[in-house]
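Structure file coords08.cif with mmCIF, C-alpha atoms:
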```cif
data_work
#
loop_
_atom_site.label_atom_id
_atom_site.label_comp_id
_atom_site.auth_asym_id
_atom_site.auth_seq_id
_atom_site.Cartn_x
_atom_site.Cartn_y
_atom_site.Cartn_z
CA MET U 1 140.94 31.79 75.89
CA GLU U 2 144.16 32.17 73.93
CA ARG U 3 144.16 35.24 71.72
CA ARG U 4 144.63 34.46 68.05
CA GLU U 5 146.41 36.95 65.84
CA PRO U 6 144.95 37.41 62.34
CA ALA U 7 146.69 35.35 59.68
CA ALA U 8 148.95 37.14 57.23
CA GLY U 9 148.30 36.96 53.51
CA ARG U 10 144.61 37.84 53.69
CA LEU U 11 144.80 39.50 50.27
CA GLU U 12 147.43 37.22 48.77
CA GLY U 13 147.47 37.64 44.99
CA LYS U 14 144.50 40.00 44.89
CA ALA U 15 144.56 43.03 42.59
CA CYS U 16 143.38 46.22 44.28
CA VAL U 17 142.71 49.77 43.10
CA LEU U 18 142.60 52.54 45.70
CA PHE U 19 141.31 55.98 44.73
CA GLY U 20 142.45 58.91 46.87
CA ALA U 21 145.34 56.92 48.27
CA ALA U 22 148.42 59.14 48.08
CA GLY U 23 148.18 60.07 51.74
CA GLY U 24 146.30 59.67 55.00
CA ILE U 25 143.81 56.82 55.24
CA GLY U 26 144.27 55.82 51.60
CA LEU U 27 148.05 55.46 51.80
CA GLU U 28 147.88 53.53 55.07
CA THR U 29 145.30 51.21 53.50
CA ALA U 30 147.55 50.67 50.50
CA ARG U 31 150.35 49.71 52.89
CA ARG U 32 148.13 47.26 54.79
CA PHE U 33 146.96 45.69 51.53
CA LEU U 34 150.56 45.24 50.39
CA GLU U 35 151.54 43.74 53.75
CA GLU U 36 148.76 41.19 53.24
CA GLY U 37 150.03 40.13 49.83
CA ALA U 38 148.00 42.32 47.48
CA GLN U 39 149.00 44.06 44.28
CA VAL U 40 148.04 47.72 44.56
CA LEU U 41 147.34 50.54 42.13
CA ILE U 42 147.08 53.96 43.77
CA GLY U 43 145.07 56.70 42.08
CA ASP U 44 145.06 60.29 43.31
CA TYR U 45 144.38 63.79 41.99
CA ASN U 46 147.70 65.09 43.31
CA ALA U 47 150.30 63.79 40.87
CA ASP U 48 153.30 64.74 43.02
CA ALA U 49 151.80 63.00 46.06
CA CYS U 50 151.12 59.95 43.88
CA ARG U 51 154.74 59.64 42.84
CA ALA U 52 155.93 60.19 46.40
CA ALA U 53 153.57 57.52 47.74
CA GLN U 54 154.77 54.95 45.21
CA ALA U 55 158.41 55.76 45.95
CA ARG U 56 157.83 55.43 49.69
CA LEU U 57 156.11 52.06 49.37
CA GLU U 58 158.77 50.75 46.99
CA ALA U 59 161.47 51.88 49.41
CA ASP U 60 159.70 49.84 52.07
CA GLY U 61 160.13 46.67 50.01
CA PHE U 62 156.99 46.50 47.89
CA THR U 63 158.68 47.01 44.52
CA GLY U 64 156.88 45.18 41.72
CA ARG U 65 153.53 45.09 43.51
CA VAL U 66 152.64 48.80 43.58
CA ASP U 67 151.76 51.25 40.83
CA ALA U 68 150.41 54.81 40.94
CA ALA U 69 148.77 57.27 38.57
CA ARG U 70 147.00 60.60 38.68
CA VAL U 71 143.22 60.41 38.37
CA ASP U 72 140.36 62.89 38.61
CA VAL U 73 137.45 60.90 40.04
CA THR U 74 134.92 63.36 38.64
CA GLN U 75 135.91 62.24 35.13
CA GLU U 76 134.36 58.95 34.07
CA ALA U 77 136.93 58.15 31.39
CA GLU U 78 139.79 58.56 33.88
CA ILE U 79 138.21 56.20 36.41
CA GLU U 80 137.55 53.59 33.72
CA ALA U 81 141.11 53.94 32.41
CA LEU U 82 142.66 53.48 35.87
CA LEU U 83 140.66 50.31 36.53
CA HIS U 84 141.69 48.87 33.16
CA ARG U 85 145.29 49.82 33.92
CA ALA U 86 145.05 47.48 36.92
CA LEU U 87 143.70 44.73 34.68
CA GLU U 88 146.58 45.19 32.27
CA ARG U 89 149.22 45.43 35.01
CA PHE U 90 147.95 42.72 37.38
CA GLY U 91 145.64 40.63 35.20
CA ALA U 92 142.72 40.95 37.61
CA LEU U 93 140.55 43.32 39.64
CA ASP U 94 139.42 42.01 43.02
CA VAL U 95 139.09 45.03 45.31
CA VAL U 96 138.27 48.70 44.77
CA PHE U 97 138.46 51.32 47.51
CA ASN U 98 136.67 54.58 46.62
CA ASN U 99 138.37 56.92 49.06
CA ALA U 100 138.86 60.20 47.17
CA GLY U 101 137.56 63.21 49.07
CA ILE U 102 137.80 66.91 49.77
CA VAL U 103 136.53 69.13 52.57
CA GLY U 104 134.15 70.68 50.08
CA ALA U 105 131.75 73.59 50.43
CA ILE U 106 131.90 75.30 53.82
CA GLY U 107 129.82 77.99 55.46
CA PRO U 108 126.09 78.63 55.94
CA ILE U 109 123.63 77.20 53.43
CA ILE U 110 122.43 80.65 52.41
CA GLU U 111 126.01 81.67 51.60
CA THR U 112 127.02 78.46 49.77
CA GLU U 113 127.74 78.82 46.08
CA ALA U 114 125.94 76.27 43.92
CA GLU U 115 129.17 75.53 42.04
CA HIS U 116 130.91 74.71 45.34
CA TRP U 117 128.05 72.39 46.31
CA ASP U 118 128.29 70.68 42.93
CA ALA U 119 132.07 70.33 43.22
CA THR U 120 131.65 68.68 46.63
CA PHE U 121 129.20 66.10 45.29
CA ALA U 122 131.25 65.60 42.12
CA VAL U 123 134.20 64.27 44.12
CA MET U 124 132.50 62.55 47.03
CA MET U 125 129.35 61.12 45.43
CA ARG U 126 129.79 61.11 41.65
CA GLY U 127 133.30 59.72 42.13
CA VAL U 128 131.98 56.87 44.27
CA PHE U 129 129.17 56.15 41.80
CA LEU U 130 131.62 55.99 38.89
CA GLY U 131 134.05 53.84 40.86
CA VAL U 132 131.32 51.34 41.70
CA LYS U 133 129.87 51.41 38.19
CA HIS U 134 133.08 50.59 36.37
CA ALA U 135 134.44 48.23 39.01
CA ALA U 136 131.18 46.27 38.87
CA ARG U 137 131.33 46.03 35.07
CA ILE U 138 134.69 44.31 35.37
CA MET U 139 133.86 42.23 38.45
CA ILE U 140 130.65 40.84 36.96
CA ASP U 141 132.77 39.09 34.33
CA ARG U 142 135.27 37.90 36.94
CA ASP U 143 132.94 36.15 39.43
CA GLY U 144 132.69 38.96 41.94
CA GLY U 145 134.79 41.16 44.16
CA SER U 146 134.70 43.64 47.01
CA ILE U 147 134.07 47.39 46.76
CA ILE U 148 134.53 49.68 49.75
CA ASN U 149 133.41 53.32 49.80
CA THR U 150 134.54 55.96 52.26
CA ALA U 151 131.59 57.64 53.93
CA SER U 152 131.79 59.32 57.36
CA ILE U 153 130.11 59.61 60.72
CA ALA U 154 128.70 62.77 59.12
CA GLY U 155 126.77 60.49 56.78
CA VAL U 156 124.86 58.78 59.58
CA ALA U 157 124.28 61.70 61.97
CA SER U 158 123.52 65.38 61.53
CA GLY U 159 125.15 68.48 62.94
CA ILE U 160 128.73 67.18 62.87
CA LEU U 161 130.46 68.58 59.80
CA PRO U 162 129.66 71.08 56.99
CA THR U 163 126.26 70.57 55.41
CA ALA U 164 127.46 69.80 51.88
CA TYR U 165 130.04 67.30 53.14
CA SER U 166 127.47 65.63 55.41
CA ALA U 167 124.87 65.42 52.65
CA ALA U 168 127.38 63.89 50.23
CA LYS U 169 128.48 61.29 52.79
CA ALA U 170 124.85 60.42 53.60
CA ALA U 171 124.35 59.86 49.88
CA VAL U 172 127.37 57.53 49.86
CA VAL U 173 125.84 55.45 52.66
CA SER U 174 122.48 55.19 50.87
CA PHE U 175 124.11 54.44 47.52
CA THR U 176 126.32 51.77 49.11
CA ARG U 177 123.31 49.92 50.53
CA ASN U 178 121.37 50.07 47.29
CA ALA U 179 124.38 49.02 45.22
CA ALA U 180 124.99 46.10 47.58
CA ALA U 181 121.46 44.83 47.04
CA GLU U 182 121.66 45.24 43.28
CA LEU U 183 125.06 43.59 42.85
CA ALA U 184 124.69 40.72 45.32
CA ASP U 185 123.63 38.25 42.63
CA HIS U 186 126.99 38.84 40.98
CA ARG U 187 128.84 38.11 44.24
CA ILE U 188 130.03 41.70 44.39
CA ARG U 189 130.05 43.00 47.96
CA VAL U 190 129.65 46.76 48.49
CA ASN U 191 130.33 48.27 51.91
CA ALA U 192 131.23 51.64 53.40
CA VAL U 193 133.51 52.75 56.20
CA CYS U 194 132.46 55.73 58.32
CA PRO U 195 135.53 57.24 60.00
CA GLY U 196 135.22 59.49 63.02
CA ILE U 197 137.99 61.85 64.14
CA ILE U 198 141.02 60.43 62.33
CA PHE U 199 144.34 62.27 62.62
CA THR U 200 145.33 63.02 59.06
CA PRO U 201 146.66 66.29 57.58
CA LEU U 202 143.23 66.84 56.03
CA MET U 203 141.67 66.65 59.48
CA HIS U 204 144.01 68.54 61.81
CA GLN U 205 145.40 71.07 59.27
CA GLY U 206 148.66 71.18 61.25
CA ARG U 207 146.93 71.85 64.59
CA GLU U 208 147.33 68.43 66.19
CA ALA U 209 147.35 69.60 69.83
CA GLN U 210 144.10 71.49 69.35
CA ALA U 211 142.57 68.53 67.54
CA GLU U 212 143.54 66.16 70.36
CA ALA U 213 141.91 68.49 72.89
CA VAL U 214 138.67 68.39 70.90
CA MET U 215 138.90 64.60 70.66
CA ARG U 216 139.27 64.19 74.42
CA GLU U 217 136.13 66.24 74.97
CA ILE U 218 133.79 64.34 72.67
CA GLN U 219 135.21 60.84 72.07
CA PRO U 220 134.80 58.14 74.76
CA TRP U 221 137.73 55.98 73.61
CA PRO U 222 140.95 57.41 75.11
CA ASP U 223 143.21 56.83 72.08
CA ARG U 224 143.11 59.12 69.08
CA GLY U 225 141.94 57.79 65.74
CA GLU U 226 144.76 56.96 63.35
CA PRO U 227 144.67 56.05 59.64
CA ARG U 228 145.62 52.46 60.55
CA HIS U 229 142.36 52.03 62.46
CA VAL U 230 140.36 52.74 59.32
CA ALA U 231 142.81 50.79 57.13
CA ASN U 232 142.28 47.69 59.24
CA ALA U 233 138.52 48.00 58.84
CA VAL U 234 138.90 48.38 55.07
CA LEU U 235 141.22 45.36 55.02
CA TYR U 236 138.55 43.28 56.75
CA LEU U 237 135.89 44.37 54.25
CA ALA U 238 138.27 43.66 51.34
CA SER U 239 139.21 40.20 52.58
CA ASP U 240 137.35 36.90 52.46
CA GLU U 241 136.86 37.19 56.22
CA SER U 242 133.89 39.45 55.45
CA ALA U 243 132.43 37.15 52.79
CA PHE U 244 128.91 37.43 54.27
CA VAL U 245 129.05 41.21 54.84
CA THR U 246 127.53 43.57 52.28
CA GLY U 247 125.53 46.78 52.45
CA GLU U 248 127.21 47.71 55.74
CA ALA U 249 128.14 51.23 56.90
CA HIS U 250 130.95 50.35 59.29
CA LEU U 251 131.64 52.97 61.97
CA VAL U 252 135.28 53.52 62.98
CA ASP U 253 134.87 56.37 65.44
CA GLY U 254 136.08 55.49 68.94
CA GLY U 255 132.51 55.71 70.22
CA TYR U 256 131.98 59.27 68.98
CA THR U 257 128.46 58.65 67.69
CA ALA U 258 127.65 56.49 70.74
CA ASN U 259 128.42 59.48 72.94
CA GLY U 260 125.33 61.43 71.98
CA LEU U 261 127.06 63.75 69.47
CA LEU U 262 128.03 66.45 71.94
CA ARG U 263 127.74 69.87 70.34
CA VAL U 264 131.45 70.35 69.90
CA HIS U 265 132.75 70.68 66.36
CA PRO U 266 135.15 67.79 65.61
CA LEU U 267 137.55 69.89 63.53
CA PRO U 268 140.06 72.13 65.34
CA GLY U 269 139.34 75.83 65.08
CA ALA U 270 135.98 75.35 63.36
CA LYS U 271 132.95 77.27 64.53
CA THR U 272 129.46 75.88 65.01
CA ARG U 273 128.19 79.00 63.24
CA PRO U 274 130.93 79.85 60.73
CA ASP U 275 131.67 83.42 59.72
CA TYR U 276 133.13 82.34 56.39
CA ALA U 277 131.98 80.60 53.22
CA GLY U 278 133.63 78.97 50.23
CA ILE U 279 135.26 75.66 49.40
CA SER U 280 138.34 73.71 50.50
CA TYR U 281 139.84 71.11 48.18
CA GLY U 282 141.71 69.35 50.97
CA MET U 283 145.02 67.72 49.99
CA THR U 284 144.54 67.88 46.21
CA GLY U 285 146.91 70.82 45.85
CA GLN U 286 144.13 73.14 44.67
CA PRO U 287 143.92 76.43 46.60
CA ARG U 288 141.09 77.16 49.01
CA GLN U 289 138.46 79.66 47.94
CA VAL U 290 137.12 81.15 51.15
CA ARG U 291 135.61 84.56 51.91
CA ARG U 292 134.87 86.15 55.25
CA LEU U 293 131.20 86.92 55.85
CA PRO U 294 130.15 90.41 56.99
#
```
Could you take the file, read its structure, and then write that structure out as structure tokens?
Amino acid sequence: MERREPAAGRLEGKACVLFGAAGGIGLETARRFLEEGAQVLIGDYNADACRAAQARLEADGFTGRVDAARVDVTQEAEIEALLHRALERFGALDVVFNNAGIVGAIGPIIETEAEHWDATFAVMMRGVFLGVKHAARIMIDRDGGSIINTASIAGVASGILPTAYSAAKAAVVSFTRNAAAELADHRIRVNAVCPGIIFTPLMHQGREAQAEAVMREIQPWPDRGEPRHVANAVLYLASDESAFVTGEAHLVDGGYTANGLLRVHPLPGAKTRPDYAGISYGMTGQPRQVRRLP
């Protein structure tokens, strides 16, 4: 059978807001959306990264169809304002990608500070809830839309990543399914992507060779996961090609979870039983707060 390439223009004219999109998976998704004809508003906590992302995309020929602004997804007013900025700039809101994230609280449960746990959930669960809430309010009045949330393989299986991160991502999966059922009557689709080992700065922390060695040990698929692999999955869920798909937690993991979750930590240099505790804010520009355990 002749292989058919996907048609271009799958998001032609659609207005899209992407939270946590100044780098990594979010930035690659913004690029894919623009390549498919979308208008894109990038929101990110890191203001410098936001400006750099917009400049890079404009330099690549997407001037006039891309905007960017700093946003703290833990703040409801800022999420609402960013979504209405898209309405004012583009005249519509068709797709929202809730992708903001941090590493979050790390270390043993008994050494985890409650404030670090709360900060983890504030970004990765509260931020998703607020993104869905305010996107849905707009989309209900505009005959529907598509919302995609970033979860993780850690949200569908235990023992992979730090406990707080895993718990927050499991909450995203559950919330996504419940939101999909609640919003279906309004023709609003809500899905999640669950990335596996994806080579971003947040993942490899500058230790790419070590990360690749870990990948080869635990992932059946021979190629390493790249942001474009997740971006293509998000593009599918954003497009009309997935018009009958809602409430799905879509794995993009090169067979990692199919491989029986071998007891090898997927992050380079991490220990199964860590001798440290604290919190990492990932690529937000906020400093890590980590202490060594006795």
Show me, as a Markdown table, the residues of range 115-168 of chain U having an atom within 12 Å of range 41-64 of chain U, each with the closest atom pair and its distance in Å, using all atoms listed in the file.
```
| residue | atom | partner | partner_atom | distance |
| --- | --- | --- | --- | --- |
| U:Val123 | CA | U:Tyr45 | CA | 10.4 |
| U:Gly127 | CA | U:Tyr45 | CA | 11.8 |
| U:Gly131 | CA | U:Gly43 | CA | 11.5 |
```
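Our summary of the geometry notes that CA of Phe19 in chain U is positioned 21.1 Å from CA of Gly225 in chain U.
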Contact residues around Glu78 in chain U with only C-alpha atoms at 12 Å, ignoring same-chain residues under 3 positions, as a ChimeraX atom specification: /U:19,43-45,69-75,81-85,127,130-131,134
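When only C-alpha atoms are used to measure the gap to Gln286 in chain U, the shortest distance among U:Gly37, U:Gly91, U:Gly9, U:Gly104 belongs to U:Gly104.
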Long-range neighbours of Pro162 in chain U as a PyMOL selection string, 8 Å cut-off, only C-alpha atoms, 6 positions minimum in chain: chain U and resi 105-107
Distance criterion (all atoms listed in the file): nearest to Gln219 in chain U out of U:Ala184, U:Ala192, U:Ala258, U:Val95: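 Selected residue with least distance to Gln219 in chain U: U:Ala258.
Distance annotation: of U:Asn259, U:Thr246, U:Thr112, U:Gln205, the residue with the minimal separation from Val290 in chain U is U:Thr112; atom set is all atoms listed in the file.
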For CA of Ala179 in chain U and CA of Gly247 in chain U, the interatomic separation in Å (one decimal):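 CA of Gly247 in chain U lies at a distance of 7.7 Å from CA of Ala179 in chain U.
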Near-Trp117 in chain U list (10 Å; only C-alpha atoms; drop same-chain fewer than 6 positions) as an MDAnalysis selection string: chainID U and resid 104:106 109 163:165 167:168 278:279
Put those residues in a file: C-alpha atoms, as an mmCIF file, in the coordinates of the input.
```
data_model
loop_
_atom_site.group_PDB
_atom_site.id
_atom_site.type_symbol
_atom_site.label_atom_id
_atom_site.label_comp_id
_atom_site.auth_asym_id
_atom_site.auth_seq_id
_atom_site.Cartn_x
_atom_site.Cartn_y
_atom_site.Cartn_z
ATOM 1 C CA GLY U 104 134.150 70.680 50.080
ATOM 2 C CA ALA U 105 131.750 73.590 50.430
ATOM 3 C CA ILE U 106 131.900 75.300 53.820
ATOM 4 C CA ILE U 109 123.630 77.200 53.430
ATOM 5 C CA THR U 163 126.260 70.570 55.410
ATOM 6 C CA ALA U 164 127.460 69.800 51.880
ATOM 7 C CA TYR U 165 130.040 67.300 53.140
ATOM 8 C CA ALA U 167 124.870 65.420 52.650
ATOM 9 C CA ALA U 168 127.380 63.890 50.230
ATOM 10 C CA GLY U 278 133.630 78.970 50.230
ATOM 11 C CA ILE U 279 135.260 75.660 49.400
#
```
Resolved residues for the PyMOL selection byres ((chain U and resi 124) around 8) as a VMD selection string: chain U and resid 100 to 102 120 to 123 125 to 128 168 to 169 172
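Of the residues listed (U:Gln39, U:Ser166, U:Ser146, U:Thr257), U:Ser146 shows the shortest atom-to-atom separation from Ala243 in chain U; distances use all atoms listed in the file.
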Non-local contacts of Asp141 in chain U (12 Å; only C-alpha atoms; under 2 positions in same chain excluded) as a VMD selection string: chain U and resid 92 to 94 134 to 139 143 to 145 186 to 188
Atom pair CA of Thr176 in chain U / CA of Arg189 in chain U: separation (Å):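 Interatomic distance, CA of Thr176 in chain U to CA of Arg189 in chain U: 9.6 Å.
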Taking the file as I've supplied it (selection: the PyMOL selection byres ((chain U and resi 157) around 9)), which residues are included? Please answer as a PDB file with C-alpha atoms, keeping the file's coordinate frame.
```pdb
ATOM      1  CA  ILE U 153     130.110  59.610  60.720  1.00  0.00           C
ATOM      2  CA  ALA U 154     128.700  62.770  59.120  1.00  0.00           C
ATOM      3  CA  GLY U 155     126.770  60.490  56.780  1.00  0.00           C
ATOM      4  CA  VAL U 156     124.860  58.780  59.580  1.00  0.00           C
ATOM      5  CA  SER U 158     123.520  65.380  61.530  1.00  0.00           C
ATOM      6  CA  GLY U 159     125.150  68.480  62.940  1.00  0.00           C
ATOM      7  CA  ILE U 160     128.730  67.180  62.870  1.00  0.00           C
ATOM      8  CA  SER U 166     127.470  65.630  55.410  1.00  0.00           C
ATOM      9  CA  ALA U 170     124.850  60.420  53.600  1.00  0.00           C
ATOM     10  CA  THR U 257     128.460  58.650  67.690  1.00  0.00           C
ATOM     11  CA  LEU U 261     127.060  63.750  69.470  1.00  0.00           C
TER      12      LEU U 261
END
```
Distance criterion (only C-alpha atoms): nearest to Glu115 in chain U out of U:Leu235, U:Gly260, U:Pro220, U:Gln289: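 Closest residue, counting only C-alpha atoms: U:Gln289.
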Picked residues, the PyMOL selection byres ((chain U and resi 197) around 7), as a list in words: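 On the file shown, the PyMOL selection byres ((chain U and resi 197) around 7) covers Pro195, Gly196, Ile198, Phe199, Gly225, Asp253 and Pro266 of chain U.
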Just the selected residues (C-alpha atoms), exported as a short mmCIF file (atom, residue, chain, number, x, y, z; two decimals), keeping the file's coordinate frame, please.
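As written to disk, selection32.cif reads:
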```
data_model
loop_
_atom_site.label_atom_id
_atom_site.label_comp_id
_atom_site.auth_asym_id
_atom_site.auth_seq_id
_atom_site.Cartn_x
_atom_site.Cartn_y
_atom_site.Cartn_z
CA PRO U 195 135.53 57.24 60.00
CA GLY U 196 135.22 59.49 63.02
CA ILE U 198 141.02 60.43 62.33
CA PHE U 199 144.34 62.27 62.62
CA GLY U 225 141.94 57.79 65.74
CA ASP U 253 134.87 56.37 65.44
CA PRO U 266 135.15 67.79 65.61
#
```
Complete range 198-224 of chain U with N, CA and C atoms (output as a short mmCIF file (atom, residue, chain, number, x, y, z; two decimals), in the coordinates of the input).
```
data_model
loop_
_atom_site.label_atom_id
_atom_site.label_comp_id
_atom_site.auth_asym_id
_atom_site.auth_seq_id
_atom_site.Cartn_x
_atom_site.Cartn_y
_atom_site.Cartn_z
N ILE U 198 139.81 61.15 62.70
CA ILE U 198 141.02 60.43 62.33
C ILE U 198 142.12 61.45 62.06
N PHE U 199 143.27 61.28 62.69
CA PHE U 199 144.34 62.27 62.62
C PHE U 199 145.12 62.14 61.32
N THR U 200 144.66 62.89 60.35
CA THR U 200 145.33 63.02 59.06
C THR U 200 145.57 64.51 58.82
N PRO U 201 146.46 64.86 57.89
CA PRO U 201 146.66 66.29 57.58
C PRO U 201 145.38 66.99 57.14
N LEU U 202 144.50 66.26 56.44
CA LEU U 202 143.23 66.84 56.03
C LEU U 202 142.38 67.21 57.22
N MET U 203 142.50 66.42 58.31
CA MET U 203 141.67 66.65 59.48
C MET U 203 142.24 67.75 60.38
N HIS U 204 143.51 67.62 60.79
CA HIS U 204 144.01 68.54 61.81
C HIS U 204 144.61 69.82 61.24
N GLN U 205 144.89 69.86 59.92
CA GLN U 205 145.40 71.07 59.27
C GLN U 205 146.63 71.64 60.00
N GLY U 206 147.46 70.75 60.56
CA GLY U 206 148.66 71.18 61.25
C GLY U 206 148.46 71.58 62.70
N ARG U 207 147.23 71.46 63.21
CA ARG U 207 146.93 71.85 64.59
C ARG U 207 146.60 70.60 65.42
N GLU U 208 147.58 69.72 65.55
CA GLU U 208 147.33 68.43 66.19
C GLU U 208 146.96 68.57 67.67
N ALA U 209 147.64 69.45 68.40
CA ALA U 209 147.35 69.60 69.83
C ALA U 209 145.91 70.06 70.04
N GLN U 210 145.47 71.00 69.24
CA GLN U 210 144.10 71.49 69.35
C GLN U 210 143.11 70.40 68.98
N ALA U 211 143.45 69.62 67.95
CA ALA U 211 142.57 68.53 67.54
C ALA U 211 142.47 67.46 68.62
N GLU U 212 143.58 67.15 69.28
CA GLU U 212 143.54 66.16 70.36
C GLU U 212 142.68 66.64 71.52
N ALA U 213 142.72 67.94 71.81
CA ALA U 213 141.91 68.49 72.89
C ALA U 213 140.42 68.33 72.57
N VAL U 214 140.06 68.58 71.32
CA VAL U 214 138.67 68.39 70.90
C VAL U 214 138.28 66.92 71.03
N MET U 215 139.18 66.03 70.59
CA MET U 215 138.90 64.60 70.66
C MET U 215 138.63 64.15 72.08
N ARG U 216 139.43 64.62 73.04
CA ARG U 216 139.27 64.19 74.42
C ARG U 216 137.93 64.63 75.01
N GLU U 217 137.39 65.71 74.45
CA GLU U 217 136.13 66.24 74.97
C GLU U 217 134.92 65.47 74.47
N ILE U 218 135.00 64.91 73.27
CA ILE U 218 133.79 64.34 72.67
C ILE U 218 133.88 62.84 72.36
N GLN U 219 135.06 62.25 72.44
CA GLN U 219 135.21 60.84 72.07
C GLN U 219 135.45 59.99 73.31
N PRO U 220 134.62 58.96 73.56
CA PRO U 220 134.80 58.14 74.76
C PRO U 220 136.12 57.36 74.77
N TRP U 221 136.51 56.79 73.65
CA TRP U 221 137.73 55.98 73.61
C TRP U 221 138.94 56.87 73.84
N PRO U 222 139.86 56.49 74.73
CA PRO U 222 140.95 57.41 75.11
C PRO U 222 142.03 57.61 74.05
N ASP U 223 142.17 56.70 73.10
CA ASP U 223 143.21 56.83 72.08
C ASP U 223 142.67 57.60 70.88
N ARG U 224 143.54 58.37 70.26
CA ARG U 224 143.11 59.12 69.08
C ARG U 224 143.00 58.20 67.87
#
```
